[in-house]
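Engineer: Below is my_file10.pdb; it holds PDB, C-alpha atoms.
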```pdb
ATOM      1  CA  MET A  12     -38.142 -28.277  -1.845  1.00  0.00           C
ATOM      2  CA  ALA A  13     -37.117 -24.650  -2.372  1.00  0.00           C
ATOM      3  CA  PRO A  14     -33.594 -23.739  -1.166  1.00  0.00           C
ATOM      4  CA  ASP A  15     -33.360 -22.125   2.255  1.00  0.00           C
ATOM      5  CA  ALA A  16     -32.728 -18.387   1.746  1.00  0.00           C
ATOM      6  CA  ALA A  17     -30.837 -18.327   5.041  1.00  0.00           C
ATOM      7  CA  SER A  18     -28.387 -21.098   4.076  1.00  0.00           C
ATOM      8  CA  PRO A  19     -24.671 -20.202   4.069  1.00  0.00           C
ATOM      9  CA  VAL A  20     -23.329 -18.648   0.896  1.00  0.00           C
ATOM     10  CA  PRO A  21     -20.501 -20.549  -0.876  1.00  0.00           C
ATOM     11  CA  HIS A  22     -17.693 -18.068  -0.233  1.00  0.00           C
ATOM     12  CA  PRO A  23     -15.558 -17.040   2.777  1.00  0.00           C
ATOM     13  CA  TYR A  24     -16.290 -13.297   2.728  1.00  0.00           C
ATOM     14  CA  TRP A  25     -18.129 -10.899   5.012  1.00  0.00           C
ATOM     15  CA  PRO A  26     -20.896  -9.950   5.385  1.00  0.00           C
ATOM     16  CA  ARG A  27     -22.032 -13.505   4.914  1.00  0.00           C
ATOM     17  CA  ASP A  28     -25.003 -12.554   2.725  1.00  0.00           C
ATOM     18  CA  LEU A  29     -22.799 -11.108  -0.043  1.00  0.00           C
ATOM     19  CA  GLN A  30     -23.776 -12.244  -3.511  1.00  0.00           C
ATOM     20  CA  ILE A  31     -20.636 -12.715  -5.613  1.00  0.00           C
ATOM     21  CA  GLU A  32     -21.439 -13.679  -9.172  1.00  0.00           C
ATOM     22  CA  GLY A  33     -19.150 -16.268 -10.728  1.00  0.00           C
ATOM     23  CA  TYR A  34     -16.974 -16.680  -7.632  1.00  0.00           C
ATOM     24  CA  ARG A  35     -14.389 -19.464  -7.824  1.00  0.00           C
ATOM     25  CA  PRO A  36     -12.446 -20.455  -4.693  1.00  0.00           C
ATOM     26  CA  ASN A  37      -8.666 -20.360  -4.769  1.00  0.00           C
ATOM     27  CA  ASP A  38      -6.819 -23.506  -5.739  1.00  0.00           C
ATOM     28  CA  ARG A  39      -3.603 -22.223  -4.135  1.00  0.00           C
ATOM     29  CA  PRO A  40      -3.100 -22.403  -0.348  1.00  0.00           C
ATOM     30  CA  MET A  41      -2.652 -19.345   1.812  1.00  0.00           C
ATOM     31  CA  TRP A  42       0.968 -20.215   2.651  1.00  0.00           C
ATOM     32  CA  GLU A  43       1.955 -20.239  -1.035  1.00  0.00           C
ATOM     33  CA  ILE A  44       0.413 -16.831  -1.677  1.00  0.00           C
ATOM     34  CA  LEU A  45       1.952 -15.225   1.413  1.00  0.00           C
ATOM     35  CA  THR A  46       5.322 -16.843   0.703  1.00  0.00           C
ATOM     36  CA  PHE A  47       5.348 -15.221  -2.741  1.00  0.00           C
ATOM     37  CA  LEU A  48       4.420 -11.789  -1.380  1.00  0.00           C
ATOM     38  CA  PHE A  49       6.968 -11.734   1.422  1.00  0.00           C
ATOM     39  CA  SER A  50       9.702 -13.463  -0.584  1.00  0.00           C
ATOM     40  CA  VAL A  51       9.587 -10.918  -3.403  1.00  0.00           C
ATOM     41  CA  SER A  52       9.392  -8.070  -0.896  1.00  0.00           C
ATOM     42  CA  GLY A  53      12.341  -9.546   0.998  1.00  0.00           C
ATOM     43  CA  VAL A  54      14.454  -9.918  -2.145  1.00  0.00           C
ATOM     44  CA  LEU A  55      13.749  -6.307  -3.109  1.00  0.00           C
ATOM     45  CA  LEU A  56      14.553  -5.134   0.396  1.00  0.00           C
ATOM     46  CA  VAL A  57      17.870  -6.994   0.550  1.00  0.00           C
ATOM     47  CA  GLY A  58      18.824  -6.042  -3.005  1.00  0.00           C
ATOM     48  CA  THR A  59      18.087  -2.370  -2.402  1.00  0.00           C
ATOM     49  CA  TRP A  60      19.969  -2.452   0.901  1.00  0.00           C
ATOM     50  CA  LEU A  61      23.053  -3.801  -0.858  1.00  0.00           C
ATOM     51  CA  LEU A  62      22.698  -1.325  -3.715  1.00  0.00           C
ATOM     52  CA  SER A  63      22.328   1.631  -1.363  1.00  0.00           C
ATOM     53  CA  GLY A  64      25.487   0.519   0.427  1.00  0.00           C
ATOM     54  CA  ARG A  65      27.472   1.580  -2.635  1.00  0.00           C
ATOM     55  CA  VAL A  66      26.326   5.188  -2.210  1.00  0.00           C
ATOM     56  CA  SER A  67      28.460   7.231   0.140  1.00  0.00           C
ATOM     57  CA  GLY A  68      26.956   9.284   2.926  1.00  0.00           C
ATOM     58  CA  LEU A  69      23.778   7.242   3.456  1.00  0.00           C
ATOM     59  CA  SER A  70      23.011   6.340   7.062  1.00  0.00           C
ATOM     60  CA  PRO A  71      21.446   2.949   7.925  1.00  0.00           C
ATOM     61  CA  ALA A  72      18.121   4.706   8.581  1.00  0.00           C
ATOM     62  CA  ARG A  73      18.239   6.392   5.165  1.00  0.00           C
ATOM     63  CA  ARG A  74      19.054   3.095   3.477  1.00  0.00           C
ATOM     64  CA  LEU A  75      16.076   1.465   5.192  1.00  0.00           C
ATOM     65  CA  ALA A  76      13.850   4.290   3.940  1.00  0.00           C
ATOM     66  CA  ILE A  77      15.097   3.686   0.393  1.00  0.00           C
ATOM     67  CA  CYS A  78      14.337  -0.030   0.811  1.00  0.00           C
ATOM     68  CA  TRP A  79      10.833   0.891   1.964  1.00  0.00           C
ATOM     69  CA  PHE A  80      10.180   2.919  -1.168  1.00  0.00           C
ATOM     70  CA  MET A  81      11.402   0.087  -3.384  1.00  0.00           C
ATOM     71  CA  VAL A  82       9.020  -2.378  -1.724  1.00  0.00           C
ATOM     72  CA  CYS A  83       6.261   0.244  -2.074  1.00  0.00           C
ATOM     73  CA  GLY A  84       7.014   0.497  -5.774  1.00  0.00           C
ATOM     74  CA  PHE A  85       6.467  -3.261  -6.118  1.00  0.00           C
ATOM     75  CA  ILE A  86       3.323  -3.433  -3.996  1.00  0.00           C
ATOM     76  CA  HIS A  87       1.711  -0.284  -5.449  1.00  0.00           C
ATOM     77  CA  GLY A  88       2.747  -0.820  -9.041  1.00  0.00           C
ATOM     78  CA  VAL A  89       2.413  -4.603  -9.398  1.00  0.00           C
ATOM     79  CA  ILE A  90       0.095  -5.951  -6.676  1.00  0.00           C
ATOM     80  CA  GLU A  91      -2.283  -2.990  -6.473  1.00  0.00           C
ATOM     81  CA  GLY A  92      -1.817  -2.321 -10.165  1.00  0.00           C
ATOM     82  CA  TRP A  93      -3.223  -5.790 -10.869  1.00  0.00           C
ATOM     83  CA  PHE A  94      -6.302  -4.980  -8.809  1.00  0.00           C
ATOM     84  CA  ALA A  95      -6.758  -1.614 -10.535  1.00  0.00           C
ATOM     85  CA  PHE A  96      -6.839  -3.258 -13.972  1.00  0.00           C
ATOM     86  CA  TYR A  97      -8.524  -6.586 -13.234  1.00  0.00           C
ATOM     87  CA  TYR A  98     -10.948  -5.883 -10.371  1.00  0.00           C
ATOM     88  CA  PRO A  99     -14.042  -6.779 -12.478  1.00  0.00           C
ATOM     89  CA  VAL A 100     -12.881 -10.396 -12.953  1.00  0.00           C
ATOM     90  CA  ILE A 101     -10.919 -11.119  -9.771  1.00  0.00           C
ATOM     91  CA  PRO A 102     -13.689 -13.136  -8.012  1.00  0.00           C
ATOM     92  CA  LYS A 103     -13.774 -15.684 -10.850  1.00  0.00           C
ATOM     93  CA  ASP A 104     -10.184 -15.429 -12.081  1.00  0.00           C
ATOM     94  CA  GLN A 105      -7.527 -17.985 -11.119  1.00  0.00           C
ATOM     95  CA  ALA A 106      -4.413 -16.015 -12.086  1.00  0.00           C
ATOM     96  CA  PHE A 107      -1.919 -15.953  -9.212  1.00  0.00           C
ATOM     97  CA  LEU A 108      -2.352 -12.257  -8.359  1.00  0.00           C
ATOM     98  CA  SER A 109      -6.129 -12.582  -8.550  1.00  0.00           C
ATOM     99  CA  GLN A 110      -5.897 -15.404  -6.037  1.00  0.00           C
ATOM    100  CA  LEU A 111      -3.718 -13.173  -3.878  1.00  0.00           C
ATOM    101  CA  TRP A 112      -6.513 -10.593  -3.837  1.00  0.00           C
ATOM    102  CA  LYS A 113      -9.133 -13.250  -3.129  1.00  0.00           C
ATOM    103  CA  GLU A 114      -7.048 -14.315  -0.141  1.00  0.00           C
ATOM    104  CA  TYR A 115      -6.640 -10.729   1.074  1.00  0.00           C
ATOM    105  CA  GLY A 116     -10.375 -10.179   0.526  1.00  0.00           C
ATOM    106  CA  LYS A 117     -11.031 -12.409   3.533  1.00  0.00           C
ATOM    107  CA  GLY A 118      -9.821  -9.444   5.550  1.00  0.00           C
ATOM    108  CA  ASP A 119     -11.632  -6.826   3.447  1.00  0.00           C
ATOM    109  CA  SER A 120     -14.302  -7.996   1.020  1.00  0.00           C
ATOM    110  CA  ARG A 121     -14.467  -4.562  -0.599  1.00  0.00           C
ATOM    111  CA  TYR A 122     -11.765  -5.898  -2.910  1.00  0.00           C
ATOM    112  CA  ILE A 123     -14.049  -8.731  -3.982  1.00  0.00           C
ATOM    113  CA  ILE A 124     -17.163  -6.641  -4.617  1.00  0.00           C
ATOM    114  CA  ALA A 125     -15.200  -3.836  -6.352  1.00  0.00           C
ATOM    115  CA  ASP A 126     -16.300  -1.161  -3.890  1.00  0.00           C
ATOM    116  CA  ASN A 127     -16.168   2.270  -5.582  1.00  0.00           C
ATOM    117  CA  PHE A 128     -13.853   3.843  -3.017  1.00  0.00           C
ATOM    118  CA  THR A 129     -11.463   0.896  -3.080  1.00  0.00           C
ATOM    119  CA  VAL A 130     -11.251   0.837  -6.873  1.00  0.00           C
ATOM    120  CA  CYS A 131     -10.622   4.587  -7.101  1.00  0.00           C
ATOM    121  CA  MET A 132      -8.106   4.611  -4.250  1.00  0.00           C
ATOM    122  CA  GLU A 133      -6.134   1.645  -5.570  1.00  0.00           C
ATOM    123  CA  THR A 134      -6.105   2.992  -9.126  1.00  0.00           C
ATOM    124  CA  ILE A 135      -4.606   6.280  -7.959  1.00  0.00           C
ATOM    125  CA  THR A 136      -2.148   4.385  -5.762  1.00  0.00           C
ATOM    126  CA  ALA A 137      -1.010   2.143  -8.623  1.00  0.00           C
ATOM    127  CA  LEU A 138      -0.682   4.886 -11.228  1.00  0.00           C
ATOM    128  CA  ALA A 139       0.774   7.605  -8.995  1.00  0.00           C
ATOM    129  CA  TRP A 140       2.467   6.265  -5.870  1.00  0.00           C
ATOM    130  CA  GLY A 141       3.912   3.168  -7.555  1.00  0.00           C
ATOM    131  CA  PRO A 142       6.040   4.976 -10.168  1.00  0.00           C
ATOM    132  CA  LEU A 143       6.808   7.841  -7.782  1.00  0.00           C
ATOM    133  CA  SER A 144       8.085   5.378  -5.170  1.00  0.00           C
ATOM    134  CA  VAL A 145      10.573   3.975  -7.683  1.00  0.00           C
ATOM    135  CA  TRP A 146      11.525   7.507  -8.714  1.00  0.00           C
ATOM    136  CA  THR A 147      12.159   8.321  -5.050  1.00  0.00           C
ATOM    137  CA  VAL A 148      14.551   5.372  -4.808  1.00  0.00           C
ATOM    138  CA  ILE A 149      16.445   6.567  -7.887  1.00  0.00           C
ATOM    139  CA  ALA A 150      16.522  10.141  -6.577  1.00  0.00           C
ATOM    140  CA  PHE A 151      18.146   9.079  -3.303  1.00  0.00           C
ATOM    141  CA  LEU A 152      20.629   6.734  -4.938  1.00  0.00           C
ATOM    142  CA  ARG A 153      21.702   9.505  -7.316  1.00  0.00           C
ATOM    143  CA  LYS A 154      21.373  12.240  -4.690  1.00  0.00           C
ATOM    144  CA  HIS A 155      19.042  14.417  -6.731  1.00  0.00           C
ATOM    145  CA  PRO A 156      18.217  17.696  -4.957  1.00  0.00           C
ATOM    146  CA  TYR A 157      14.460  17.017  -5.126  1.00  0.00           C
ATOM    147  CA  ARG A 158      14.655  13.662  -3.328  1.00  0.00           C
ATOM    148  CA  PHE A 159      13.048  14.870  -0.108  1.00  0.00           C
ATOM    149  CA  VAL A 160      10.294  16.581  -2.071  1.00  0.00           C
ATOM    150  CA  LEU A 161       9.453  13.215  -3.638  1.00  0.00           C
ATOM    151  CA  GLN A 162       9.612  11.542  -0.233  1.00  0.00           C
ATOM    152  CA  LEU A 163       7.176  14.096   1.164  1.00  0.00           C
ATOM    153  CA  ILE A 164       4.731  13.827  -1.754  1.00  0.00           C
ATOM    154  CA  VAL A 165       4.645  10.028  -1.797  1.00  0.00           C
ATOM    155  CA  SER A 166       4.401   9.708   1.975  1.00  0.00           C
ATOM    156  CA  LEU A 167       1.580  12.257   2.196  1.00  0.00           C
ATOM    157  CA  GLY A 168      -0.314  10.419  -0.542  1.00  0.00           C
ATOM    158  CA  GLN A 169       0.148   7.070   1.184  1.00  0.00           C
ATOM    159  CA  LEU A 170      -0.913   8.429   4.559  1.00  0.00           C
ATOM    160  CA  TYR A 171      -3.980  10.210   3.193  1.00  0.00           C
ATOM    161  CA  GLY A 172      -5.146   7.163   1.239  1.00  0.00           C
ATOM    162  CA  ASP A 173      -4.663   4.816   4.184  1.00  0.00           C
ATOM    163  CA  VAL A 174      -6.476   7.080   6.628  1.00  0.00           C
ATOM    164  CA  LEU A 175      -9.431   7.168   4.247  1.00  0.00           C
ATOM    165  CA  TYR A 176      -9.182   3.395   3.816  1.00  0.00           C
ATOM    166  CA  PHE A 177      -9.548   2.796   7.555  1.00  0.00           C
ATOM    167  CA  TYR A 178     -12.047   5.590   8.122  1.00  0.00           C
ATOM    168  CA  THR A 179     -14.479   4.508   5.413  1.00  0.00           C
ATOM    169  CA  GLU A 180     -14.478   0.969   6.801  1.00  0.00           C
ATOM    170  CA  TYR A 181     -14.979   2.318  10.322  1.00  0.00           C
ATOM    171  CA  ARG A 182     -17.986   4.270   9.024  1.00  0.00           C
ATOM    172  CA  GLU A 183     -19.384   1.004   7.678  1.00  0.00           C
ATOM    173  CA  GLY A 184     -18.976  -0.752  11.007  1.00  0.00           C
ATOM    174  CA  PHE A 185     -16.051  -2.964   9.944  1.00  0.00           C
ATOM    175  CA  SER A 186     -18.608  -5.046   8.108  1.00  0.00           C
ATOM    176  CA  HIS A 187     -16.292  -6.456   5.426  1.00  0.00           C
ATOM    177  CA  SER A 188     -14.237  -8.742   7.641  1.00  0.00           C
ATOM    178  CA  GLU A 189     -14.708 -11.182  10.481  1.00  0.00           C
ATOM    179  CA  MET A 190     -14.124  -8.905  13.455  1.00  0.00           C
ATOM    180  CA  TYR A 191     -11.119  -9.805  15.610  1.00  0.00           C
ATOM    181  CA  HIS A 192     -10.079 -12.784  13.508  1.00  0.00           C
ATOM    182  CA  PRO A 193      -6.330 -13.158  14.263  1.00  0.00           C
ATOM    183  CA  ILE A 194      -5.277 -13.477  10.611  1.00  0.00           C
ATOM    184  CA  TYR A 195      -7.964 -11.876   8.471  1.00  0.00           C
ATOM    185  CA  PHE A 196      -8.796  -8.890  10.665  1.00  0.00           C
ATOM    186  CA  TRP A 197      -5.718  -8.226  12.787  1.00  0.00           C
ATOM    187  CA  PHE A 198      -2.983  -9.280  10.358  1.00  0.00           C
ATOM    188  CA  TYR A 199      -4.446  -8.635   6.884  1.00  0.00           C
ATOM    189  CA  PHE A 200      -6.647  -5.647   7.585  1.00  0.00           C
ATOM    190  CA  VAL A 201      -5.066  -3.899  10.585  1.00  0.00           C
ATOM    191  CA  PHE A 202      -1.350  -4.717  10.658  1.00  0.00           C
ATOM    192  CA  MET A 203      -0.555  -4.783   6.943  1.00  0.00           C
ATOM    193  CA  ASN A 204      -2.311  -1.461   6.383  1.00  0.00           C
ATOM    194  CA  ALA A 205      -1.100   0.207   9.588  1.00  0.00           C
ATOM    195  CA  LEU A 206       2.415   0.092   8.116  1.00  0.00           C
ATOM    196  CA  TRP A 207       1.289   2.715   5.589  1.00  0.00           C
ATOM    197  CA  ILE A 208       0.312   5.023   8.423  1.00  0.00           C
ATOM    198  CA  ILE A 209       3.268   4.569  10.784  1.00  0.00           C
ATOM    199  CA  ILE A 210       6.138   4.598   8.269  1.00  0.00           C
ATOM    200  CA  PRO A 211       4.853   7.429   6.014  1.00  0.00           C
ATOM    201  CA  SER A 212       4.185   9.546   9.118  1.00  0.00           C
ATOM    202  CA  ALA A 213       7.816   9.144  10.186  1.00  0.00           C
ATOM    203  CA  LEU A 214       9.028   9.904   6.654  1.00  0.00           C
ATOM    204  CA  ILE A 215       6.878  13.041   6.468  1.00  0.00           C
ATOM    205  CA  VAL A 216       8.547  14.339   9.632  1.00  0.00           C
ATOM    206  CA  ASP A 217      11.950  13.377   8.218  1.00  0.00           C
ATOM    207  CA  ALA A 218      11.273  15.209   4.942  1.00  0.00           C
ATOM    208  CA  TRP A 219       9.968  18.249   6.860  1.00  0.00           C
ATOM    209  CA  VAL A 220      13.165  18.437   8.918  1.00  0.00           C
ATOM    210  CA  ASN A 221      15.470  18.067   5.919  1.00  0.00           C
ATOM    211  CA  LEU A 222      13.571  20.508   3.694  1.00  0.00           C
ATOM    212  CA  SER A 223      13.356  23.059   6.518  1.00  0.00           C
ATOM    213  CA  HIS A 224      17.097  22.763   7.117  1.00  0.00           C
ATOM    214  CA  SER A 225      17.811  23.214   3.407  1.00  0.00           C
ATOM    215  CA  GLN A 226      15.602  26.296   3.252  1.00  0.00           C
ATOM    216  CA  ALA A 227      17.254  27.766   6.349  1.00  0.00           C
ATOM    217  CA  THR A 228      20.672  27.199   4.791  1.00  0.00           C
ATOM    218  CA  ALA A 229      19.554  28.813   1.534  1.00  0.00           C
ATOM    219  CA  ASP A 230      18.120  31.802   3.403  1.00  0.00           C
ATOM    220  CA  ALA A 231      21.350  32.270   5.358  1.00  0.00           C
ATOM    221  CA  ALA A 232      23.451  32.119   2.184  1.00  0.00           C
ATOM    222  CA  ARG A 233      21.285  34.574   0.266  1.00  0.00           C
ATOM    223  CA  PRO A 234      22.940  38.035   0.101  1.00  0.00           C
ATOM    224  CA  ALA A 235      21.059  40.939   1.602  1.00  0.00           C
ATOM    225  CA  GLY A 236      19.084  43.025  -0.880  1.00  0.00           C
ATOM    226  CA  LYS A 237      20.652  46.157  -2.202  1.00  0.00           C
ATOM    227  CA  ALA A 238      19.582  49.402  -0.617  1.00  0.00           C
ATOM    228  CA  LYS A 239      17.022  51.270  -2.617  1.00  0.00           C
ATOM    229  CA  ARG A 240      18.253  54.304  -4.476  1.00  0.00           C
ATOM    230  CA  LYS A 241      16.850  57.649  -3.424  1.00  0.00           C
TER     231      LYS A 241
END
```
Spell out the structure here as structure tokens.

Structural biologist:
Amino acid sequence: MAPDAASPVPHPYWPRDLQIEGYRPNDRPMWEILTFLFSVSGVLLVGTWLLSGRVSGLSPARRLAICWFMVCGFIHGVIEGWFAFYYPVIPKDQAFLSQLWKEYGKGDSRYIIADNFTVCMETITALAWGPLSVWTVIAFLRKHPYRFVLQLIVSLGQLYGDVLYFYTEYREGFSHSEMYHPIYFWFYFVFMNALWIIIPSALIVDAWVNLSHSQATADAARPAGKAKRK
């Protein structure tokens, strides 16, 4: 008897009729993958918090912002960097970070089918915002004068990319996840990505205020121009 064309496909991704060549299910449980992600992020956050405490003049809010950029450096450079380089083989690969992406793909299967927008967006994120996030951390710890410029550039890039990420999926009817699933839709897709809208937006305002204040101070200190000779 010929196989039923309407039978369920052997993968957990949406839409259910996706054809994923060579797909191999994860052999690691969800809890192990999430524990790794949040443990490494937590260690970086705590370590950066302690390191920033050695720098005088940094408020608790500023130290938290520095911690944020360090975690961004890890997620953009390592996690998203893995996707940018290995997206063609992730569905069939069993390396730990590939399994992490196969788990996240339950909330957005564009990462499993190597959607053009997702590949381009993540490649730019890994190559640009990852290193620049680490540079921002260094700039604040060493109090470089361009630190708020870096904060503004990175935060604008993160916000722009994330708005496009949500908007393109909205345009496709949220078809790459099980709508309203408490973990895959609300936690993976909505919550984890909403952080890169809320926090960068606040940091953009913060950079705007600090850069505007610096410019106002520079303008006030600049001597008046000499009168023109007749």

Engineer: Please work out which residues fall within 12 Å of (-7.9, -11.5, -8.2), coordinates as given in the file, with only C-alpha atoms counting, and return them as a VMD selection string.

Structural biologist: chain A and resid 34 to 37 44 90 to 116 120 122 to 125

Engineer: Please dump the current selection as a short mmCIF file (atom, residue, chain, number, x, y, z; two decimals), keeping the file's coordinate frame; keep C-alpha atoms.

Structural biologist:
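Written file, result-v1.cif:
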```cif
data_model
loop_
_atom_site.label_atom_id
_atom_site.label_comp_id
_atom_site.auth_asym_id
_atom_site.auth_seq_id
_atom_site.Cartn_x
_atom_site.Cartn_y
_atom_site.Cartn_z
CA TYR A 34 -16.97 -16.68 -7.63
CA ARG A 35 -14.39 -19.46 -7.82
CA PRO A 36 -12.45 -20.45 -4.69
CA ASN A 37 -8.67 -20.36 -4.77
CA ILE A 44 0.41 -16.83 -1.68
CA ILE A 90 0.10 -5.95 -6.68
CA GLU A 91 -2.28 -2.99 -6.47
CA GLY A 92 -1.82 -2.32 -10.16
CA TRP A 93 -3.22 -5.79 -10.87
CA PHE A 94 -6.30 -4.98 -8.81
CA ALA A 95 -6.76 -1.61 -10.54
CA PHE A 96 -6.84 -3.26 -13.97
CA TYR A 97 -8.52 -6.59 -13.23
CA TYR A 98 -10.95 -5.88 -10.37
CA PRO A 99 -14.04 -6.78 -12.48
CA VAL A 100 -12.88 -10.40 -12.95
CA ILE A 101 -10.92 -11.12 -9.77
CA PRO A 102 -13.69 -13.14 -8.01
CA LYS A 103 -13.77 -15.68 -10.85
CA ASP A 104 -10.18 -15.43 -12.08
CA GLN A 105 -7.53 -17.98 -11.12
CA ALA A 106 -4.41 -16.02 -12.09
CA PHE A 107 -1.92 -15.95 -9.21
CA LEU A 108 -2.35 -12.26 -8.36
CA SER A 109 -6.13 -12.58 -8.55
CA GLN A 110 -5.90 -15.40 -6.04
CA LEU A 111 -3.72 -13.17 -3.88
CA TRP A 112 -6.51 -10.59 -3.84
CA LYS A 113 -9.13 -13.25 -3.13
CA GLU A 114 -7.05 -14.32 -0.14
CA TYR A 115 -6.64 -10.73 1.07
CA GLY A 116 -10.38 -10.18 0.53
CA SER A 120 -14.30 -8.00 1.02
CA TYR A 122 -11.76 -5.90 -2.91
CA ILE A 123 -14.05 -8.73 -3.98
CA ILE A 124 -17.16 -6.64 -4.62
CA ALA A 125 -15.20 -3.84 -6.35
#
```

Engineer: What's around Val145 of chain A at 7 Å? Count only C-alpha atoms, leave out sequence neighbours fewer than 6 positions away in its own chain, and write the answer as number ranges by chain.

Structural biologist: A: 80-81, 84

Engineer: Can you turn the PyMOL selection byres ((chain A and resi 192-204) around 10) into a concrete residue list for this file, as number ranges by chain?

Structural biologist: A: 114-119, 173-174, 176-177, 185, 187-191, 205-209

Engineer: State, in Å with one decimal place, the distance from atom CA of Phe47 of chain A to atom CA of Leu170 of chain A.

Structural biologist: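 Straight-line distance from atom CA of Phe47 of chain A to atom CA of Leu170 of chain A works out to 25.5 Å.
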
Engineer: Place a sphere of radius 12 Å on (15.6, 4.0, 6.4) in the file coordinates and name every protein, DNA or RNA residue with an atom inside or on its surface, counting only C-alpha atoms; give the answer as a PyMOL selection string.

Structural biologist: chain A and resi 56+59-60+63+69-81+148+151+162+210-211+213-214+217

Engineer: Would you compute an axis-aligned box for segment 101-107 of chain A, covering every atom listed for it in the file with 6 Å of margin on each side, and report centre and edge lengths in Å to one decimal as AutoDock Vina command-line options?

Structural biologist:
```
--center_x -7.8 --center_y -14.6 --center_z -10.0 --size_x 23.9 --size_y 18.9 --size_z 16.1
```

Engineer: Between atom CA of Glu32 of chain A and atom CA of Cys131 of chain A, what is the distance in Å, rounded to a tenth?

Structural biologist: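 Answer for the atom CA of Glu32 of chain A to atom CA of Cys131 of chain A separation: 21.3 Å.
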
Engineer: Separation of atom CA of Ile215 of chain A and atom CA of Ser144 of chain A, in Å?

Structural biologist: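 If I compute the distance from atom CA of Ile215 of chain A to atom CA of Ser144 of chain A, I get 14.0 Å.
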
Engineer: So, counting all atoms listed in the file, which residue among A:Gly141, A:Pro156, A:Gly172, A:Pro26 is closest to Asn221 of chain A?

Structural biologist: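 Result for the nearest residue to Asn221 of chain A: A:Pro156.
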
Engineer: Under the rule that all atoms listed in the file are counted, which of A:Arg121, A:Arg39, A:Arg27, A:His22 is the nearest residue to Thr179 of chain A?

Structural biologist: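 Comparing A:Arg121, A:Arg39, A:Arg27, A:His22 against Thr179 of chain A, the winner is A:Arg121.
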
Engineer: Restricting the calculation to all atoms listed in the file: of A:Val66, A:Tyr24, A:Glu180, A:Ile86, which residue gets closest to Ser52 of chain A?

Structural biologist: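 So, comparing all the options, the nearest one is A:Ile86.
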